[in-house]
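Accompanying notes for the structure given below.
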Amino acid sequence: MHRKFALVPVVFLLSLIALFAGTSAASAAGMKVRTSIGEVYVVNAKPKQQFDLFNKAGVFVKKGKADKYGSFVFHGLREAAKFTVRSGSFTKTVTTLKGSTPPPASFYKKQKLVEGLNYLEMRDGIKLAVTVRLPANKKITDGPFPTVIEYSGYQVAAPGNLLASLGKNDPLAPAQSTIIGGALLPLIGFASVSVQMRGSGCSGGHFDLFDLPTTYDGYDVIESLATQPWVKNGMVGMAGISFSGISQMFVAGTRPPHLAAIAPMSITSDLYQGTGYPGGIFNSGFALAWVQERADDAKPAPEGGQPYARALVKQGDKQCAENQRMRLQTQDVLALLSKNPYRTPKLFKYRAPDYWMSKINVPTFLVGAFNDEQTGGRFPESLGKLADNDRTWLTLQNGVHVDALGPSTVTQWFEFLKLYVADEVPVLPQEILGLSDVLYGQVASGAAALPVKQSRFADYTSPAEARAVFEKDPRVRLLMDNGASDKGLGSIGATWELAADQWPISEVQPTAFYLGSGGALATSSPGAGTAEYTSDPKARPEQTLAGSDEGAAWAGQPPYDWAPIAANKGLGWATPQLANDVVIAGTSSFDLYLKSSAKDTDLQVTLSEIRPDGQETYVQNGWLRASHRKLSPESTELSPDPTHLAQDAAPLPAGKFTLVRIPFFPVAHAFRAGSRIRVTIEAPGGDRPRWKFATLENGTTKNTISLGGAQASKLVLPVWPGATAKGTPLPAPTALRGEPNRAYVAASNGG
């Protein structure tokens, strides 16, 4: 099973459960020991054969036992280090590979790829399934072609025709989540190379989410492709949304010499904080379901795994069958989670996209949504790491996971790929312009959309001239009020936008709003007081789209159930009606002086807009487990940065107020004159379509907030002085994509 655009995400699952299943994978004689980046492999051993691993000094390191296919992997070893594997009289000394030391150029030159399904060898001997798709009505000898990779663990390398399979049950069709490589790129004149991550589909190896071998596989694919005579200029681009968007951040961070540019969409920046453990609280909804799907994909074919792998093995594809032999070499996800509820550096350092971002040095075009129901909205916190790359363009908007492909961004995305990968003047084919309604109806659950516009460069004759104009574009576009166009409520496309030179936006000013009695939210600190609530996660529905189809969030009018705060189960504070528009852009902080009846408590805060018509629109969330309140030195007034390290965790002191700073995910939003800014706090849950929280709350914890005096709690917003909504009207209550609406109901404290 795969989600249509299901993400990414997530995390912690460095390895996934590989459940038992028989396979027809071919057997081979003779035990072998191979190495990868920080790993030692044993293959072709006898089932249950025991091994011992020793380091260079002869010190015992680990032991292992071959699975029923004769495979075993020693994980988490030092790179470029000597190890010895012993099993009875068998002894073999090997050296692990180092990611930053690639193979010689001759390794890449020896491999040849043709149209259709290929098996491409990586530096450690693992072979990946790679499907080459050419522009429409072209054959390989018509090249060279501008070439773009889509790199994913979804069913991406399935060799079937995605467009021809729509509405059909074709096991050889790529997943709809890989539509960029599976359909769009060939339609706009690119050769598309769909690369299947190791341990999934017909690729060899074992699946270990964004481990170093997987990251450097991307490097090896790019360098191999660059040697192909049908690849234009010997340079390769990367594109994709969600899983294949996130993978680009890792691969580009390795700096392949022949990578031309990347165009990631709908990414996450940190597998722990961004999607897996928001605020240190396990996401037991989407994140857990996504991980289980990856576990299912990792099972050996033909009894399990992805549909195309099952089909090809049954059809006699010997390489695909051979590539199933290491599929049982994964870790128990439940044990992994229970042992690692913190952001353990050993597990998450190299699996965080933001670790690699500062290393990216190629042109980058990135699109994402603040309200992404799958990957989440934390990713903009890491975008400052791209600041040193002066050829970076960021487009951020309210909306959902698929909106990165929307009409307000897709033409500029196309221009970017044509200018920086193809070195051609961008001209969108008429077929694409005419298919836009069908495209959005298919990928966005029938939502209407603004029309896709032709490139502004269509009449240019020189790509260099067009590039010079493109490079004058704002480095940051904030698409505002996505969903409020005249195409209908919730239609895809923004009605206006703001521009900036960088992210974080230098113009914004931290602006404090203090929590007062009666639910008041004001710019001056009130007198001393307190407010109390009972933290009860069962007081509201867990999700705003519980039980709905997985694509319901992408519709023009999702059936949201955004329930108000239950009596005494949360607190709210709201400003008076605003005299002028207030535009915020960035991360906010909720600085809370908290006293709890429990040693630890889970906190959810929500920012919203109370409209003049009595309706309330969701804006953004933040979460924190109070014991994770220790902040890193990188924290700022607007952006508290919890370390989430086990050694920094501490219970709340009994009977006294403690400062707890809760980060909101970033957002850009225009609060209109006449509206009120509202902030609420309660137990986790009830605000997100697909996320759930494995909260420690059981409905008995009493949390007390200090309101003023020496311990004044406050909301700090990133206000952009002088910015306005440019005279655009307040959207209809249910117009904004990704932002549920409800009738405003005051909390028990009056706010």
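Quick note on naming: the chains in the structure tokens go A, B, ... in the order shown, residues restart at 1 in each chain, and ligands are numbered from 1 in order of appearance.
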May I have the residues within 7 Å of Ser455 of chain A as a VMD selection string, using only C-alpha atoms and disregarding those fewer than 4 positions away in the same chain? chain A and resid 411 415 426 to 428
If you run DSSP on the backbone here, which positions in segment 49-135 of chain A get strand (DSSP E or B)? Please write them as an mmCIF file with N, CA and C atoms, in the first residue's frame.
data_model
loop_
_atom_site.group_PDB
_atom_site.id
_atom_site.type_symbol
_atom_site.label_atom_id
_atom_site.label_comp_id
_atom_site.auth_asym_id
_atom_site.auth_seq_id
_atom_site.Cartn_x
_atom_site.Cartn_y
_atom_site.Cartn_z
ATOM 1 N N GLN A 50 26.421 -17.976 12.921
ATOM 2 C CA GLN A 50 26.845 -16.950 13.874
ATOM 3 C C GLN A 50 28.117 -16.261 13.384
ATOM 4 N N PHE A 51 28.209 -14.929 13.681
ATOM 5 C CA PHE A 51 29.384 -14.147 13.328
ATOM 6 C C PHE A 51 29.803 -13.294 14.514
ATOM 7 N N ASP A 52 31.091 -13.028 14.608
ATOM 8 C CA ASP A 52 31.621 -12.076 15.574
ATOM 9 C C ASP A 52 32.391 -11.009 14.804
ATOM 10 N N LEU A 53 32.246 -9.772 15.236
ATOM 11 C CA LEU A 53 32.925 -8.652 14.597
ATOM 12 C C LEU A 53 33.950 -8.067 15.559
ATOM 13 N N PHE A 54 35.171 -7.869 15.071
ATOM 14 C CA PHE A 54 36.256 -7.316 15.885
ATOM 15 C C PHE A 54 36.817 -6.083 15.183
ATOM 16 N N ASN A 55 37.263 -5.112 15.987
ATOM 17 C CA ASN A 55 37.851 -3.922 15.389
ATOM 18 C C ASN A 55 39.323 -4.142 15.066
ATOM 19 N N PHE A 60 36.462 -7.214 20.524
ATOM 20 C CA PHE A 60 35.127 -7.635 20.089
ATOM 21 C C PHE A 60 34.195 -6.421 20.046
ATOM 22 N N VAL A 61 33.432 -6.316 18.961
ATOM 23 C CA VAL A 61 32.523 -5.181 18.779
ATOM 24 C C VAL A 61 31.063 -5.619 18.868
ATOM 25 N N LYS A 62 30.680 -6.581 18.038
ATOM 26 C CA LYS A 62 29.286 -7.026 17.982
ATOM 27 C C LYS A 62 29.242 -8.470 17.534
ATOM 28 N N LYS A 63 28.090 -9.075 17.737
ATOM 29 C CA LYS A 63 27.859 -10.402 17.178
ATOM 30 C C LYS A 63 26.600 -10.357 16.326
ATOM 31 N N GLY A 64 26.465 -11.338 15.434
ATOM 32 C CA GLY A 64 25.300 -11.382 14.587
ATOM 33 C C GLY A 64 24.976 -12.790 14.158
ATOM 34 N N LYS A 65 23.795 -12.946 13.542
ATOM 35 C CA LYS A 65 23.340 -14.249 13.089
ATOM 36 C C LYS A 65 22.619 -14.076 11.764
ATOM 37 N N PHE A 72 23.342 -10.761 6.819
ATOM 38 C CA PHE A 72 23.405 -10.020 8.082
ATOM 39 C C PHE A 72 24.177 -8.728 7.838
ATOM 40 N N VAL A 73 23.742 -7.643 8.523
ATOM 41 C CA VAL A 73 24.395 -6.343 8.398
ATOM 42 C C VAL A 73 24.794 -5.848 9.780
ATOM 43 N N PHE A 74 26.061 -5.503 9.929
ATOM 44 C CA PHE A 74 26.540 -4.810 11.127
ATOM 45 C C PHE A 74 26.392 -3.307 10.867
ATOM 46 N N LYS A 82 38.971 -0.542 9.841
ATOM 47 C CA LYS A 82 39.160 -1.969 9.612
ATOM 48 C C LYS A 82 38.386 -2.794 10.632
ATOM 49 N N PHE A 83 37.752 -3.841 10.150
ATOM 50 C CA PHE A 83 37.021 -4.779 10.996
ATOM 51 C C PHE A 83 37.275 -6.193 10.488
ATOM 52 N N THR A 84 37.183 -7.141 11.402
ATOM 53 C CA THR A 84 37.345 -8.541 11.048
ATOM 54 C C THR A 84 36.091 -9.311 11.419
ATOM 55 N N VAL A 85 35.584 -10.089 10.477
ATOM 56 C CA VAL A 85 34.431 -10.958 10.705
ATOM 57 C C VAL A 85 34.947 -12.384 10.882
ATOM 58 N N ARG A 86 34.514 -13.028 11.969
ATOM 59 C CA ARG A 86 34.915 -14.412 12.237
ATOM 60 C C ARG A 86 33.673 -15.279 12.438
ATOM 61 N N SER A 87 33.741 -16.464 11.863
ATOM 62 C CA SER A 87 32.670 -17.445 12.043
ATOM 63 C C SER A 87 33.301 -18.823 11.939
ATOM 64 N N PHE A 90 36.246 -19.415 9.551
ATOM 65 C CA PHE A 90 36.197 -18.339 8.559
ATOM 66 C C PHE A 90 36.647 -17.022 9.190
ATOM 67 N N THR A 91 37.558 -16.329 8.524
ATOM 68 C CA THR A 91 38.013 -15.013 8.972
ATOM 69 C C THR A 91 38.180 -14.109 7.757
ATOM 70 N N LYS A 92 37.646 -12.905 7.867
ATOM 71 C CA LYS A 92 37.777 -11.951 6.768
ATOM 72 C C LYS A 92 37.936 -10.547 7.344
ATOM 73 N N THR A 93 39.010 -9.859 6.942
ATOM 74 C CA THR A 93 39.247 -8.482 7.380
ATOM 75 C C THR A 93 38.912 -7.533 6.231
ATOM 76 N N VAL A 94 38.120 -6.517 6.552
ATOM 77 C CA VAL A 94 37.660 -5.560 5.536
ATOM 78 C C VAL A 94 37.748 -4.141 6.101
ATOM 79 N N THR A 95 37.618 -3.164 5.238
ATOM 80 C CA THR A 95 37.620 -1.758 5.640
ATOM 81 C C THR A 95 36.314 -1.119 5.198
ATOM 82 N N LEU A 97 33.634 1.665 4.035
ATOM 83 C CA LEU A 97 33.766 2.768 3.091
ATOM 84 C C LEU A 97 33.544 4.104 3.782
ATOM 85 N N GLY A 116 13.884 2.500 -20.095
ATOM 86 C CA GLY A 116 13.224 1.438 -19.364
ATOM 87 C C GLY A 116 13.944 1.103 -18.078
ATOM 88 N N LEU A 117 13.716 -0.106 -17.563
ATOM 89 C CA LEU A 117 14.243 -0.527 -16.270
ATOM 90 C C LEU A 117 15.700 -0.970 -16.388
ATOM 91 N N ASN A 118 16.536 -0.437 -15.492
ATOM 92 C CA ASN A 118 17.952 -0.780 -15.407
ATOM 93 C C ASN A 118 18.286 -1.157 -13.969
ATOM 94 N N TYR A 119 19.440 -1.788 -13.792
ATOM 95 C CA TYR A 119 19.968 -2.037 -12.451
ATOM 96 C C TYR A 119 21.366 -1.422 -12.378
ATOM 97 N N LEU A 120 21.492 -0.397 -11.548
ATOM 98 C CA LEU A 120 22.705 0.409 -11.483
ATOM 99 C C LEU A 120 23.485 0.069 -10.220
ATOM 100 N N GLU A 121 24.775 -0.244 -10.389
ATOM 101 C CA GLU A 121 25.594 -0.660 -9.253
ATOM 102 C C GLU A 121 26.094 0.544 -8.457
ATOM 103 N N LYS A 127 22.815 -3.077 -6.075
ATOM 104 C CA LYS A 127 22.269 -2.604 -7.337
ATOM 105 C C LYS A 127 20.872 -2.017 -7.128
ATOM 106 N N LEU A 128 20.693 -0.800 -7.632
ATOM 107 C CA LEU A 128 19.411 -0.110 -7.510
ATOM 108 C C LEU A 128 18.615 -0.226 -8.798
ATOM 109 N N ALA A 129 17.287 -0.353 -8.640
ATOM 110 C CA ALA A 129 16.387 -0.311 -9.790
ATOM 111 C C ALA A 129 16.251 1.139 -10.246
ATOM 112 N N VAL A 130 16.469 1.374 -11.518
ATOM 113 C CA VAL A 130 16.455 2.722 -12.093
ATOM 114 C C VAL A 130 15.693 2.660 -13.409
ATOM 115 N N THR A 131 14.617 3.426 -13.536
ATOM 116 C CA THR A 131 13.842 3.437 -14.771
ATOM 117 C C THR A 131 14.034 4.757 -15.498
ATOM 118 N N VAL A 132 14.456 4.676 -16.761
ATOM 119 C CA VAL A 132 14.685 5.847 -17.598
ATOM 120 C C VAL A 132 13.462 6.065 -18.478
ATOM 121 N N ARG A 133 12.914 7.278 -18.401
ATOM 122 C CA ARG A 133 11.781 7.662 -19.241
ATOM 123 C C ARG A 133 12.205 8.849 -20.095
#
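What separates atom CA of Ala494 of chain A from atom CA of Ala585 of chain A is a distance of 16.2 Å.
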From the set A:Gly245, A:Gly204, A:Gly305, A:Gly76, which residue has the shortest atom-to-atom contact distance to Thr375 of chain A, counting only C-alpha atoms? A:Gly245
Taking 5 positions as the minimum chain separation for residues in the same chain, which residues sit within 9 Å of segment 313-327 of chain A when counting only C-alpha atoms? Answer as an NGL selection string. :A and (18 or 23-27 or 43-44 or 67 or 69-73 or 119 or 126-129 or 199-207 or 298-302 or 308)
Where in segment 24-195 of chain A does DSSP assign alpha helix (DSSP H), given as a list in words?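 Taking segment 24-195 of chain A and keeping alpha helix (DSSP H) gives Ala105, Ser106, Phe107, Tyr108, Lys109, Leu162, Leu163, Ala164, Ser165, Ile179, Leu185, Pro186 and Leu187 of chain A.
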Find the residues near segment 594-611 of chain A: any atom within 8 Å, counting only C-alpha atoms, skip ones fewer than 4 places away on the same chain, and give them as an NGL selection string. :A and (281 or 590 or 615-627 or 651-660 or 662 or 664 or 671 or 674-685 or 695-697 or 701-706 or 744)
